[in-house]
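Shown here: entry-v3.csv, CSV, C-alpha atoms and all ligand atoms.
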chain,number,residue,atom,x,y,z
A,1098,MET,CA,7.1,0.6,22.6
A,1099,ASN,CA,3.6,-0.5,21.9
A,1100,ARG,CA,1.7,0.7,18.8
A,1101,ARG,CA,-0.3,3.2,20.8
A,1102,ASP,CA,2.9,4.9,21.9
A,1103,PHE,CA,4.2,4.8,18.4
A,1104,LEU,CA,1.0,6.3,17.1
A,1105,ALA,CA,1.3,9.1,19.6
A,1106,LEU,CA,4.8,9.8,18.3
A,1107,THR,CA,3.5,10.0,14.8
A,1108,SER,CA,0.2,11.8,15.4
A,1109,SER,CA,1.5,15.1,14.4
A,1110,ALA,CA,0.6,14.0,10.8
A,1111,ALA,CA,-3.0,14.6,11.8
A,1112,ALA,CA,-2.4,18.0,13.3
A,1113,ALA,CA,-4.0,21.1,11.7
A,1114,GLY,CA,-1.8,22.4,8.9
A,1115,TYR,CA,-0.5,19.1,7.7
A,1116,PHE,CA,-2.8,19.3,4.7
A,1117,VAL,CA,-2.4,22.1,2.3
A,1118,ASP,CA,-5.3,23.8,0.5
A,1119,ALA,CA,-5.0,22.8,-3.1
A,1120,ARG,CA,-5.7,26.3,-4.3
A,1121,HIS,CA,-2.5,27.4,-2.7
A,1122,ALA,CA,-0.5,24.2,-3.5
A,1123,HIS,CA,-1.2,24.5,-7.2
A,1124,ALA,CA,-0.8,28.2,-7.9
A,1125,ASN,CA,2.1,27.4,-10.2
A,1126,ALA,CA,1.1,23.9,-11.2
A,1127,GLN,CA,0.1,22.8,-14.7
A,1128,PRO,CA,-3.5,21.7,-15.0
A,1129,GLU,CA,-4.2,17.9,-14.8
A,1130,PRO,CA,-5.2,16.3,-18.1
A,1131,ALA,CA,-8.9,15.6,-18.4
A,1132,ALA,CA,-9.9,12.4,-16.6
A,1133,THR,CA,-10.5,9.3,-18.7
A,1134,PRO,CA,-14.3,8.6,-18.9
A,1135,SER,CA,-15.3,6.3,-16.1
A,1136,PRO,CA,-16.5,2.8,-17.1
A,1137,TRP,CA,-18.3,2.4,-13.7
A,1138,THR,CA,-22.0,3.1,-13.0
A,1139,ALA,CA,-22.4,6.5,-11.4
A,1140,PRO,CA,-21.8,7.6,-8.7
A,1141,PHE,CA,-19.0,5.0,-8.7
A,1142,ASP,CA,-15.8,6.2,-10.3
A,1143,SER,CA,-13.8,3.1,-9.6
A,1144,ALA,CA,-14.1,-0.5,-8.4
A,1145,PRO,CA,-13.5,-1.0,-4.7
A,1146,CYS,CA,-9.8,-1.3,-3.8
A,1147,LEU,CA,-8.8,-3.5,-0.9
A,1148,GLN,CA,-5.9,-2.0,0.9
A,1149,ASN,CA,-3.4,-2.6,3.7
A,1150,PRO,CA,-5.1,-5.3,5.8
A,1151,THR,CA,-4.3,-6.8,9.1
A,1152,ALA,CA,-5.4,-10.3,10.2
A,1153,THR,CA,-8.5,-8.6,11.8
A,1154,SER,CA,-9.1,-5.6,9.5
A,1155,MET,CA,-9.5,-4.6,5.9
A,1156,ASN,CA,-9.6,-1.2,4.3
A,1157,VAL,CA,-12.0,-0.7,1.4
A,1158,THR,CA,-11.6,2.5,-0.7
A,1159,PHE,CA,-13.4,3.6,-3.9
A,1160,ALA,CA,-13.8,6.8,-5.9
A,1161,VAL,CA,-17.1,8.5,-6.7
A,1162,ASN,CA,-17.9,11.3,-9.1
A,1163,ALA,CA,-20.8,13.0,-7.3
A,1164,LEU,CA,-21.6,14.0,-3.7
A,1165,CYS,CA,-22.8,10.9,-1.9
A,1166,THR,CA,-22.8,9.0,1.3
A,1167,ALA,CA,-21.6,5.4,1.3
A,1168,TRP,CA,-21.1,2.2,3.3
A,1169,VAL,CA,-19.9,-1.4,3.0
A,1170,GLU,CA,-22.1,-4.4,3.4
A,1171,PHE,CA,-20.3,-7.6,4.3
A,1172,GLY,CA,-20.5,-11.0,5.9
A,1173,THR,CA,-19.1,-14.5,6.1
A,1174,GLY,CA,-22.1,-16.5,5.1
A,1175,GLY,CA,-24.8,-16.1,2.4
A,1176,GLU,CA,-26.0,-12.9,3.9
A,1177,LEU,CA,-24.2,-9.5,3.9
A,1178,ASP,CA,-25.4,-9.0,7.4
A,1179,GLN,CA,-22.7,-6.6,8.7
A,1180,ARG,CA,-22.3,-3.0,7.8
A,1181,ALA,CA,-19.3,-0.6,8.0
A,1182,ASP,CA,-20.9,2.8,7.9
A,1183,GLY,CA,-17.8,5.0,8.4
A,1184,ALA,CA,-19.5,7.2,11.0
A,1185,ARG,CA,-17.1,9.7,12.6
A,1186,HIS,CA,-18.1,11.9,15.6
A,1187,GLY,CA,-21.8,11.0,14.8
A,1188,LEU,CA,-21.7,12.0,11.2
A,1189,LEU,CA,-22.0,9.5,8.3
A,1190,PRO,CA,-19.7,10.0,5.3
A,1191,LEU,CA,-20.3,12.7,2.7
A,1192,ASN,CA,-17.8,13.2,-0.1
A,1193,ASN,CA,-17.8,13.8,-3.8
A,1194,ARG,CA,-14.4,12.0,-4.7
A,1195,VAL,CA,-13.4,9.2,-2.4
A,1196,HIS,CA,-14.8,7.0,0.3
A,1197,THR,CA,-12.8,4.8,2.6
A,1198,PHE,CA,-13.9,2.3,5.2
A,1199,SER,CA,-12.0,0.2,7.7
A,1200,LEU,CA,-13.7,-3.2,8.4
A,1201,ARG,CA,-12.7,-4.1,11.9
A,1202,GLY,CA,-13.1,-7.1,14.2
A,1203,LEU,CA,-12.6,-9.6,11.4
A,1204,THR,CA,-11.6,-13.2,12.0
A,1205,PRO,CA,-8.1,-14.1,10.7
A,1206,GLY,CA,-7.8,-16.5,7.7
A,1207,THR,CA,-11.5,-16.1,6.9
A,1208,ARG,CA,-13.3,-15.5,3.6
A,1209,TYR,CA,-15.7,-12.6,3.5
A,1210,ARG,CA,-18.2,-11.5,0.9
A,1211,TYR,CA,-18.8,-7.7,0.5
A,1212,ARG,CA,-20.1,-5.0,-1.7
A,1213,VAL,CA,-19.9,-1.2,-1.6
A,1214,VAL,CA,-22.9,1.1,-1.7
A,1215,ALA,CA,-23.2,4.8,-2.6
A,1216,ARG,CA,-26.2,7.0,-2.2
A,1217,PRO,CA,-26.2,10.3,-4.0
A,1218,ILE,CA,-27.1,13.3,-1.9
A,1219,VAL,CA,-28.5,16.7,-3.0
A,1220,PHE,CA,-27.2,19.0,-0.3
A,1221,LYS,CA,-28.7,22.4,-0.9
A,1222,ASN,CA,-28.1,23.7,2.6
A,1223,ALA,CA,-28.1,22.5,6.2
A,1224,TYR,CA,-31.9,22.3,6.2
A,1225,SER,CA,-32.5,20.9,2.7
A,1226,ILE,CA,-30.8,17.5,2.2
A,1227,THR,CA,-32.3,15.0,-0.2
A,1228,PRO,CA,-31.0,11.4,-0.5
A,1229,GLY,CA,-31.2,9.6,-3.8
A,1230,GLU,CA,-31.4,5.9,-4.7
A,1231,ALA,CA,-28.6,3.7,-3.3
A,1232,VAL,CA,-26.3,2.1,-6.0
A,1233,ARG,CA,-24.7,-1.2,-5.1
A,1234,SER,CA,-21.5,-2.7,-6.6
A,1235,PRO,CA,-21.3,-6.4,-7.5
A,1236,VAL,CA,-20.5,-8.7,-4.6
A,1237,TYR,CA,-16.8,-9.5,-4.2
A,1238,THR,CA,-14.9,-11.7,-1.8
A,1239,PHE,CA,-11.6,-11.4,0.2
A,1240,THR,CA,-9.8,-13.5,2.8
A,1241,THR,CA,-8.1,-12.0,5.8
A,1242,PRO,CA,-4.4,-12.8,6.4
A,1243,ASP,CA,-4.2,-15.9,8.5
A,1244,ASN,CA,-1.8,-14.7,11.2
A,1245,GLY,CA,0.4,-17.7,10.6
A,1246,ALA,CA,-2.2,-20.4,11.1
A,1247,GLY,CA,-2.0,-21.7,7.6
A,1248,GLY,CA,0.7,-23.7,5.9
A,1249,ALA,CA,1.2,-21.7,2.8
A,1250,ALA,CA,1.6,-18.1,1.4
A,1251,ARG,CA,1.5,-16.5,-2.0
A,1252,PHE,CA,2.4,-12.9,-2.7
A,1253,SER,CA,3.0,-10.6,-5.7
A,1254,ILE,CA,5.1,-7.4,-5.8
A,1255,ILE,CA,5.2,-4.6,-8.4
A,1256,ASN,CA,7.3,-1.4,-8.0
A,1257,ASP,CA,8.2,1.9,-9.7
A,1258,THR,CA,5.3,2.0,-12.1
A,1259,HIS,CA,5.7,5.8,-12.2
A,1260,GLU,CA,2.3,6.4,-13.8
A,1261,LYS,CA,3.3,4.5,-17.0
A,1262,ALA,CA,0.1,3.2,-18.5
A,1263,ASP,CA,1.7,0.4,-20.6
A,1264,THR,CA,3.6,-0.9,-17.5
A,1265,LEU,CA,0.5,-0.6,-15.3
A,1266,GLY,CA,-1.5,-2.5,-17.9
A,1267,ALA,CA,1.1,-5.3,-17.9
A,1268,MET,CA,1.4,-5.4,-14.1
A,1269,THR,CA,-2.3,-5.4,-13.4
A,1270,SER,CA,-2.7,-8.3,-15.9
A,1271,LEU,CA,0.0,-10.3,-14.2
A,1272,LEU,CA,-1.6,-9.6,-10.8
A,1273,ALA,CA,-4.8,-11.0,-12.1
A,1274,THR,CA,-3.2,-14.2,-13.5
A,1275,HIS,CA,-0.9,-15.1,-10.5
A,1276,PRO,CA,-2.8,-16.2,-7.5
A,1277,ALA,CA,-1.8,-14.4,-4.3
A,1278,ASP,CA,-2.9,-13.8,-0.7
A,1279,LEU,CA,-1.3,-10.4,-0.7
A,1280,HIS,CA,-0.1,-7.8,-3.2
A,1281,PHE,CA,2.6,-5.2,-2.5
A,1282,TRP,CA,3.1,-2.0,-4.5
A,1283,ASN,CA,6.7,-1.3,-3.6
A,1284,GLY,CA,6.9,2.4,-4.1
A,1285,ASP,CA,7.0,5.1,-6.7
A,1286,ILE,CA,3.4,4.7,-7.9
A,1287,PHE,CA,3.7,8.4,-8.7
A,1288,ASP,CA,6.2,10.9,-10.2
A,1289,ASP,CA,4.9,13.4,-7.7
A,1290,ILE,CA,1.4,13.9,-6.3
A,1291,ARG,CA,-0.6,16.9,-7.6
A,1292,SER,CA,-4.3,16.3,-7.2
A,1293,ASP,CA,-7.2,14.2,-6.1
A,1294,ASP,CA,-7.9,13.2,-9.7
A,1295,GLN,CA,-4.4,11.9,-10.0
A,1296,LEU,CA,-4.7,9.9,-6.8
A,1297,VAL,CA,-7.9,8.3,-8.1
A,1298,ALA,CA,-6.3,7.6,-11.5
A,1299,GLN,CA,-3.2,5.9,-10.2
A,1300,ILE,CA,-4.4,4.2,-7.0
A,1301,LEU,CA,-8.1,3.4,-7.5
A,1302,ARG,CA,-8.4,2.8,-11.2
A,1303,PRO,CA,-5.0,2.4,-12.9
A,1304,VAL,CA,-5.6,1.7,-16.6
A,1305,ASN,CA,-9.3,1.8,-15.7
A,1306,ALA,CA,-9.2,-1.8,-14.5
A,1307,PRO,CA,-10.1,-3.3,-11.1
A,1308,TYR,CA,-7.0,-4.8,-9.6
A,1309,ALA,CA,-7.6,-5.2,-5.9
A,1310,THR,CA,-11.2,-6.1,-5.5
A,1311,GLU,CA,-10.5,-9.5,-4.0
A,1312,VAL,CA,-6.8,-9.5,-3.0
A,1313,PRO,CA,-5.6,-6.6,-0.9
A,1314,MET,CA,-2.8,-4.2,-2.1
A,1315,CYS,CA,-0.3,-3.3,0.6
A,1316,PHE,CA,1.2,0.1,-0.3
A,1317,VAL,CA,4.9,0.7,0.4
A,1318,ALA,CA,5.8,4.4,0.2
A,1319,GLY,CA,8.5,5.4,-2.3
A,1320,ASN,CA,10.4,8.6,-2.4
A,1321,HIS,CA,8.2,9.9,-5.3
A,1322,ASP,CA,5.1,9.1,-3.3
A,1323,VAL,CA,6.0,11.7,-0.7
A,1324,ARG,CA,6.7,14.5,-3.3
A,1325,GLY,CA,4.4,17.2,-4.3
A,1326,ALA,CA,2.2,19.3,-2.1
A,1327,HIS,CA,-0.7,16.9,-2.6
A,1328,ALA,CA,1.4,14.0,-1.2
A,1329,ARG,CA,-0.1,15.0,2.2
A,1330,HIS,CA,-3.5,13.7,0.8
A,1331,LEU,CA,-2.2,10.2,0.0
A,1332,GLU,CA,-3.6,8.6,3.1
A,1333,ARG,CA,-7.1,9.7,2.1
A,1334,PHE,CA,-6.8,7.3,-0.9
A,1335,ALA,CA,-4.5,4.7,0.6
A,1336,PRO,CA,-5.3,4.4,4.3
A,1337,THR,CA,-3.3,2.1,6.6
A,1338,SER,CA,-4.8,0.3,9.5
A,1339,ASP,CA,-3.2,2.4,12.2
A,1340,GLY,CA,-2.3,5.4,10.2
A,1341,LEU,CA,1.3,4.0,9.8
A,1342,ARG,CA,3.2,3.3,6.7
A,1343,CYS,CA,5.3,0.6,8.5
A,1344,TYR,CA,3.4,-2.6,9.3
A,1345,ALA,CA,3.9,-6.3,9.9
A,1346,LEU,CA,1.9,-9.1,8.5
A,1347,ARG,CA,2.0,-12.9,8.9
A,1348,GLN,CA,0.6,-15.2,6.2
A,1349,GLY,CA,1.2,-18.9,6.7
A,1350,PRO,CA,5.0,-19.6,7.1
A,1351,VAL,CA,6.0,-16.1,6.0
A,1352,ALA,CA,6.4,-13.0,8.2
A,1353,PHE,CA,6.4,-9.7,6.3
A,1354,VAL,CA,7.5,-6.3,7.5
A,1355,VAL,CA,7.0,-3.2,5.5
A,1356,LEU,CA,9.2,-0.1,6.2
A,1357,ASP,CA,9.0,3.4,4.8
A,1358,THR,CA,12.4,4.6,3.5
A,1359,GLY,CA,11.1,8.1,2.8
A,1360,GLU,CA,12.9,10.5,0.6
A,1361,ASP,CA,16.2,9.7,-1.1
A,1362,LYS,CA,18.1,12.8,-0.1
A,1363,PRO,CA,18.9,14.2,3.3
A,1364,ASP,CA,16.2,16.3,5.0
A,1365,ASP,CA,18.2,19.4,4.7
A,1366,HIS,CA,18.7,19.2,0.9
A,1367,GLN,CA,17.7,22.5,-0.6
A,1368,VAL,CA,15.2,20.9,-2.9
A,1369,TYR,CA,12.8,20.0,0.0
A,1370,GLY,CA,12.6,23.6,1.2
A,1371,GLY,CA,12.9,22.5,4.9
A,1372,LEU,CA,9.7,20.5,4.8
A,1373,ASN,CA,11.0,17.0,5.4
A,1374,ALA,CA,11.6,15.1,8.6
A,1375,PHE,CA,12.4,11.6,7.4
A,1376,ALA,CA,15.5,11.1,9.6
A,1377,SER,CA,13.5,11.1,12.8
A,1378,TYR,CA,10.7,9.1,11.1
A,1379,ARG,CA,13.3,6.3,10.3
A,1380,ARG,CA,14.5,6.4,13.9
A,1381,THR,CA,11.0,6.0,15.1
A,1382,GLN,CA,10.4,3.1,12.8
A,1383,ALA,CA,13.6,1.4,14.2
A,1384,VAL,CA,12.1,1.4,17.7
A,1385,TRP,CA,9.0,-0.2,16.2
A,1386,LEU,CA,11.0,-2.7,14.1
A,1387,ALA,CA,12.8,-3.8,17.3
A,1388,ASP,CA,9.5,-4.9,18.7
A,1389,VAL,CA,8.4,-6.6,15.5
A,1390,THR,CA,11.6,-8.7,15.1
A,1391,ALA,CA,11.4,-9.7,18.8
A,1392,SER,CA,7.7,-10.8,18.5
A,1393,ALA,CA,6.5,-14.4,18.2
A,1394,PRO,CA,4.9,-14.0,14.8
A,1395,TRP,CA,8.3,-12.9,13.4
A,1396,ARG,CA,10.5,-15.3,15.4
A,1397,ASP,CA,8.3,-18.3,14.8
A,1398,ALA,CA,8.0,-17.8,11.0
A,1399,LYS,CA,9.7,-20.1,8.7
A,1400,PHE,CA,10.6,-17.2,6.4
A,1401,ARG,CA,11.1,-13.5,7.1
A,1402,VAL,CA,10.7,-10.9,4.3
A,1403,ALA,CA,11.2,-7.2,4.5
A,1404,VAL,CA,9.7,-5.0,1.9
A,1405,MET,CA,10.9,-1.4,1.5
A,1406,HIS,CA,11.3,0.9,-1.5
A,1407,ILE,CA,15.0,2.1,-1.4
A,1408,PRO,CA,17.6,-0.7,-1.1
A,1409,LEU,CA,19.8,-0.8,2.0
A,1410,TRP,CA,22.9,-1.7,0.0
A,1411,GLY,CA,24.4,-0.8,-3.4
A,1412,ASP,CA,24.0,2.1,-5.8
A,1413,SER,CA,21.3,4.6,-4.8
A,1414,CYS,CA,20.8,2.9,-1.4
A,1415,SER,CA,19.4,4.6,1.7
A,1416,GLU,CA,22.4,4.8,4.0
A,1417,ASP,CA,20.3,6.3,6.8
A,1418,SER,CA,17.7,3.5,6.5
A,1419,ARG,CA,20.6,1.0,6.7
A,1420,ALA,CA,22.1,2.7,9.7
A,1421,GLN,CA,18.7,2.5,11.5
A,1422,TRP,CA,17.4,-1.0,10.5
A,1423,HIS,CA,20.2,-3.3,9.2
A,1424,THR,CA,21.3,-4.6,12.5
A,1425,LEU,CA,17.7,-5.3,13.6
A,1426,LEU,CA,17.0,-7.1,10.4
A,1427,GLU,CA,20.2,-9.2,10.8
A,1428,GLN,CA,19.4,-10.0,14.5
A,1429,GLY,CA,15.9,-10.9,13.4
A,1430,ARG,CA,17.3,-13.4,10.9
A,1431,THR,CA,15.6,-11.8,7.9
A,1432,ASP,CA,15.9,-14.0,4.8
A,1433,LEU,CA,15.1,-11.5,2.1
A,1434,VAL,CA,14.8,-7.8,1.6
A,1435,ILE,CA,12.8,-6.7,-1.5
A,1436,ASN,CA,13.3,-3.2,-3.0
A,1437,GLY,CA,12.7,-1.0,-6.0
A,1438,HIS,CA,13.9,2.5,-6.7
A,1439,VAL,CA,17.0,1.6,-8.8
A,1440,HIS,CA,14.9,0.9,-12.0
A,1441,LYS,CA,17.0,-2.2,-12.6
A,1442,HIS,CA,16.4,-5.8,-11.6
A,1443,LEU,CA,19.3,-6.9,-9.3
A,1444,TYR,CA,19.9,-9.8,-6.9
A,1445,THR,CA,22.5,-10.1,-4.3
A,1446,PRO,CA,22.5,-13.4,-2.3
A,1447,GLY,CA,23.1,-13.0,1.4
A,1448,GLY,CA,25.7,-14.8,3.5
A,1449,ALA,CA,29.2,-15.5,2.6
A,1450,GLY,CA,30.7,-12.8,0.3
A,1451,ALA,CA,28.0,-10.3,1.1
A,1452,PRO,CA,28.0,-7.7,3.9
A,1453,HIS,CA,24.5,-8.9,5.0
A,1454,ARG,CA,23.0,-12.3,5.8
A,1455,TYR,CA,19.8,-11.6,4.1
A,1456,SER,CA,19.5,-11.6,0.3
A,1457,GLN,CA,18.6,-8.4,-1.5
A,1458,LEU,CA,16.2,-8.5,-4.4
A,1459,VAL,CA,15.6,-5.2,-6.4
A,1460,GLY,CA,12.7,-5.1,-8.8
A,1461,GLY,CA,12.9,-3.4,-12.2
A,1462,GLY,CA,12.0,0.0,-13.6
A,1463,PRO,CA,9.0,1.9,-15.0
A,1464,LYS,CA,9.7,1.3,-18.7
A,1465,LEU,CA,7.9,-1.7,-20.0
A,1466,ASP,CA,11.1,-3.5,-21.1
A,1467,ALA,CA,12.6,-3.0,-17.6
A,1468,ALA,CA,9.5,-3.7,-15.5
A,1469,THR,CA,9.4,-6.8,-13.3
A,1470,PHE,CA,6.7,-8.8,-11.6
A,1471,ILE,CA,7.8,-10.6,-8.4
A,1472,HIS,CA,5.8,-13.7,-7.4
A,1473,GLY,CA,6.5,-15.6,-4.2
A,1474,THR,CA,5.1,-18.9,-3.0
A,1475,ALA,CA,5.9,-20.6,0.3
A,1476,ASP,CA,5.1,-23.7,2.2
A,1477,THR,CA,6.7,-24.8,5.5
A,1478,GLY,CA,9.7,-26.3,3.5
A,1479,SER,CA,10.6,-23.6,1.1
A,1480,LEU,CA,10.1,-20.1,-0.2
A,1481,SER,CA,10.3,-19.7,-3.9
A,1482,VAL,CA,10.5,-16.2,-5.4
A,1483,ARG,CA,10.3,-15.8,-9.2
A,1484,VAL,CA,11.0,-12.6,-11.1
A,1485,LEU,CA,9.1,-12.2,-14.3
A,1486,ASN,CA,9.3,-9.6,-17.0
A,1487,ALA,CA,6.2,-7.7,-18.3
A,1488,LYS,CA,5.4,-10.5,-20.7
A,1489,GLY,CA,5.3,-12.9,-17.8
A,1490,GLU,CA,8.6,-14.6,-18.8
A,1491,GLU,CA,10.9,-15.8,-16.0
A,1492,LEU,CA,14.0,-13.7,-15.5
A,1493,ALA,CA,15.2,-15.3,-12.3
A,1494,SER,CA,14.1,-17.7,-9.6
A,1495,HIS,CA,15.4,-17.9,-6.0
A,1496,VAL,CA,14.6,-20.6,-3.5
A,1497,PHE,CA,15.0,-20.3,0.3
A,1498,THR,CA,14.8,-23.0,2.9
A,1499,PRO,CA,14.2,-22.4,6.6
A,1500,SER,CA,17.4,-21.1,8.3
A,1601,FE,FE,12.4,5.6,-6.0
Could I get this structure in the form of structure tokens?
Ligand SMILES: [Fe+2]
Amino acid sequence: MNRRDFLALTSSAAAAGYFVDARHAHANAQPEPAATPSPWTAPFDSAPCLQNPTATSMNVTFAVNALCTAWVEFGTGGELDQRADGARHGLLPLNNRVHTFSLRGLTPGTRYRYRVVARPIVFKNAYSITPGEAVRSPVYTFTTPDNGAGGAARFSIINDTHEKADTLGAMTSLLATHPADLHFWNGDIFDDIRSDDQLVAQILRPVNAPYATEVPMCFVAGNHDVRGAHARHLERFAPTSDGLRCYALRQGPVAFVVLDTGEDKPDDHQVYGGLNAFASYRRTQAVWLADVTASAPWRDAKFRVAVMHIPLWGDSCSEDSRAQWHTLLEQGRTDLVINGHVHKHLYTPGGAGAPHRYSQLVGGGPKLDAATFIHGTADTGSLSVRVLNAKGEELASHVFTPS
């Protein structure tokens, strides 16, 4: 199955009716607390957030607090001589809360400079539209994943922050002080998703601090990130390159695969009201995963790491995810599966004595004293994965060599 076929299988997400009108979704909801005053120059309401890259693409998302159009200026040299204008069906963007752009046709392993631009628009009616002055962000840089061409990889993983401000503060500080090529947010960013303002607050400006202006954040869906009527709007704020929440990346000697374990109870559980279809979604991901684990970037990698929110083994595991994906991960000689969900740091080495050849590492929980920050560094000879607490103190360290 190629990605186009897979996309066709999943395209029902874009069908009319997938999104619910917030006026209906929140008839019984409590009002959101007032938004924290924005420290950014209007109309910006967040710094740009780099999200979910491929070796040849980068998503750039940012919040605004007024009706505006927007674009991204970028380039590899001294000039920002390329522009992503976000045009769709002949129309340039116009939104009062969020803008997102996909920079395509990039070169793997290449450093780019970029800035985002917003131009306020007074839109009285279809025949009276007045543009204001364009406002430009500072210039930032990013480097595209190298598709395996380089000899090293660095990555950071946080999980289960559950909207806890003190934990988000600690985790974003650790992200800033631990060099990485890729960040992963391994699920349960939210308790449940209720509004656009909440999506902005948690994803685009957690604790009002930039955190992914120069290193992209790879979002991994957790069960709480697919709860709440507004969960159907998550992709407006955290787009993926192909509209999929499973994806594969290669950075230096490490091949990554991200899978979406979905909800933690069966689809027919009464609490979901008949609105979930995660079993078929996991089966579809299995078809895709078979292609990934048979592909050259995966087979040729020195180390193979799977990132998914709910563990495949142990307490609170996803038995259906295990039934769909475990054999493929084993056959694909996966070294390490990294999870969250359990709210407790756990490590089970793979191989003798375990029912799986891969090791299973589970990050900690939302409370500050249970939170963990996972930092990995690899060269062609070894992969070292350190688990730190919220103070940056080492709790555990695991070293893998090529198998
Ligand atoms: Fe969870």
| remark: Residue with the minimum atom-to-atom distance to ligand FE 1601 (chain A), picked from A:Ala1449, A:Val1317, A:Ala1376, A:Val1384 with all atoms listed in the file counted, is A:Val1317
| request: Write out as a list in words each polymer residue whose atoms come within 10 Å of A:Val1169, counting only C-alpha atoms; drop sequence neighbours fewer than 4 positions from it. | output: Val1157, Thr1158, Leu1177, Gln1179, Arg1180, Ala1181, Asp1182, Gly1183, Thr1197, Phe1198, Ser1199, Leu1200, Tyr1211, Arg1212, Val1213, Val1214, Ala1215, Arg1233 and Ser1234 of chain A
Store the residues of this selection in a file with C-alpha atoms, as a short mmCIF file (atom, residue, chain, number, x, y, z; two decimals), in the coordinates of the input.
data_model
loop_
_atom_site.label_atom_id
_atom_site.label_comp_id
_atom_site.auth_asym_id
_atom_site.auth_seq_id
_atom_site.Cartn_x
_atom_site.Cartn_y
_atom_site.Cartn_z
CA VAL A 1157 -12.00 -0.70 1.40
CA THR A 1158 -11.60 2.50 -0.70
CA LEU A 1177 -24.20 -9.50 3.90
CA GLN A 1179 -22.70 -6.60 8.70
CA ARG A 1180 -22.30 -3.00 7.80
CA ALA A 1181 -19.30 -0.60 8.00
CA ASP A 1182 -20.90 2.80 7.90
CA GLY A 1183 -17.80 5.00 8.40
CA THR A 1197 -12.80 4.80 2.60
CA PHE A 1198 -13.90 2.30 5.20
CA SER A 1199 -12.00 0.20 7.70
CA LEU A 1200 -13.70 -3.20 8.40
CA TYR A 1211 -18.80 -7.70 0.50
CA ARG A 1212 -20.10 -5.00 -1.70
CA VAL A 1213 -19.90 -1.20 -1.60
CA VAL A 1214 -22.90 1.10 -1.70
CA ALA A 1215 -23.20 4.80 -2.60
CA ARG A 1233 -24.70 -1.20 -5.10
CA SER A 1234 -21.50 -2.70 -6.60
#
| task | Taking the point (17.3, 12.2, 0.5) as given in the file, collect each protein or nucleic acid residue that comes within 12 Å of it, counting all atoms listed in the file, and present the set as a list of chain:residue names. | result | A:Gly1319, A:Asn1320, A:His1321, A:Val1323, A:Arg1324, A:Thr1358, A:Gly1359, A:Glu1360, A:Asp1361, A:Lys1362, A:Pro1363, A:Asp1364, A:Asp1365, A:His1366, A:Gln1367, A:Val1368, A:Tyr1369, A:Asn1373, A:Ala1374, A:Phe1375, A:Ala1376, A:Ile1407, A:Ser1413, A:Cys1414, A:Ser1415, A:Glu1416, A:Asp1417, A:Ser1418
| said: Ranking A:Leu1301, A:Ala1246, A:Ile1286, A:Val1232 by minimum distance to A:Ala1160 and counting all atoms listed in the file, which one comes first? | reply: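 Closest residue, counting all atoms listed in the file: A:Leu1301.
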| query | Counting all atoms listed in the file, which of A:Asn1244, A:Thr1138, A:Ser1143, A:Ser1456 gets nearest to A:Gln1299? | reply |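 Checking each candidate against A:Gln1299, we get A:Ser1143 as the closest.
You can rank A:Gly1172, A:Pro1446, A:Gly1325, A:Pro1145 by their closest distance to A:Ala1306 using only C-alpha atoms, and at the top of that list sits A:Pro1145.
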| field | Proximity to ligand FE 1601 (chain A) - best of A:Ser1377, A:Asn1436, A:Asn1162, A:Thr1469, all atoms listed in the file | value |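 Ranked by minimum distance to ligand FE 1601 (chain A), first place goes to A:Asn1436.
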N, CA and C atoms are needed for stretch 1238-1247 of chain A; please write them out as a PDB file, in the coordinates of the input.
ATOM      1  N   THR A1238     -15.320 -11.003  -2.958  1.00  0.00           N
ATOM      2  CA  THR A1238     -14.900 -11.700  -1.800  1.00  0.00           C
ATOM      3  C   THR A1238     -13.424 -11.321  -1.442  1.00  0.00           C
ATOM      4  N   PHE A1239     -13.053 -11.494  -0.193  1.00  0.00           N
ATOM      5  CA  PHE A1239     -11.600 -11.400   0.200  1.00  0.00           C
ATOM      6  C   PHE A1239     -11.418 -12.362   1.370  1.00  0.00           C
ATOM      7  N   THR A1240     -10.163 -12.685   1.617  1.00  0.00           N
ATOM      8  CA  THR A1240      -9.800 -13.500   2.800  1.00  0.00           C
ATOM      9  C   THR A1240      -8.770 -12.782   3.599  1.00  0.00           C
ATOM     10  N   THR A1241      -9.024 -12.696   4.878  1.00  0.00           N
ATOM     11  CA  THR A1241      -8.100 -12.000   5.800  1.00  0.00           C
ATOM     12  C   THR A1241      -6.791 -12.777   5.918  1.00  0.00           C
ATOM     13  N   PRO A1242      -5.669 -12.082   6.135  1.00  0.00           N
ATOM     14  CA  PRO A1242      -4.400 -12.800   6.400  1.00  0.00           C
ATOM     15  C   PRO A1242      -4.607 -13.742   7.613  1.00  0.00           C
ATOM     16  N   ASP A1243      -3.884 -14.868   7.565  1.00  0.00           N
ATOM     17  CA  ASP A1243      -4.200 -15.900   8.500  1.00  0.00           C
ATOM     18  C   ASP A1243      -3.396 -15.867   9.817  1.00  0.00           C
ATOM     19  N   ASN A1244      -2.552 -14.849   9.960  1.00  0.00           N
ATOM     20  CA  ASN A1244      -1.800 -14.700  11.200  1.00  0.00           C
ATOM     21  C   ASN A1244      -0.860 -15.861  11.480  1.00  0.00           C
ATOM     22  N   GLY A1245      -0.507 -16.600  10.433  1.00  0.00           N
ATOM     23  CA  GLY A1245       0.400 -17.700  10.600  1.00  0.00           C
ATOM     24  C   GLY A1245      -0.231 -19.057  10.812  1.00  0.00           C
ATOM     25  N   ALA A1246      -1.550 -19.106  10.830  1.00  0.00           N
ATOM     26  CA  ALA A1246      -2.200 -20.400  11.100  1.00  0.00           C
ATOM     27  C   ALA A1246      -2.138 -21.355   9.969  1.00  0.00           C
ATOM     28  N   GLY A1247      -2.039 -20.864   8.750  1.00  0.00           N
ATOM     29  CA  GLY A1247      -2.000 -21.700   7.600  1.00  0.00           C
ATOM     30  C   GLY A1247      -0.630 -22.236   7.252  1.00  0.00           C
TER      31      GLY A1247
END
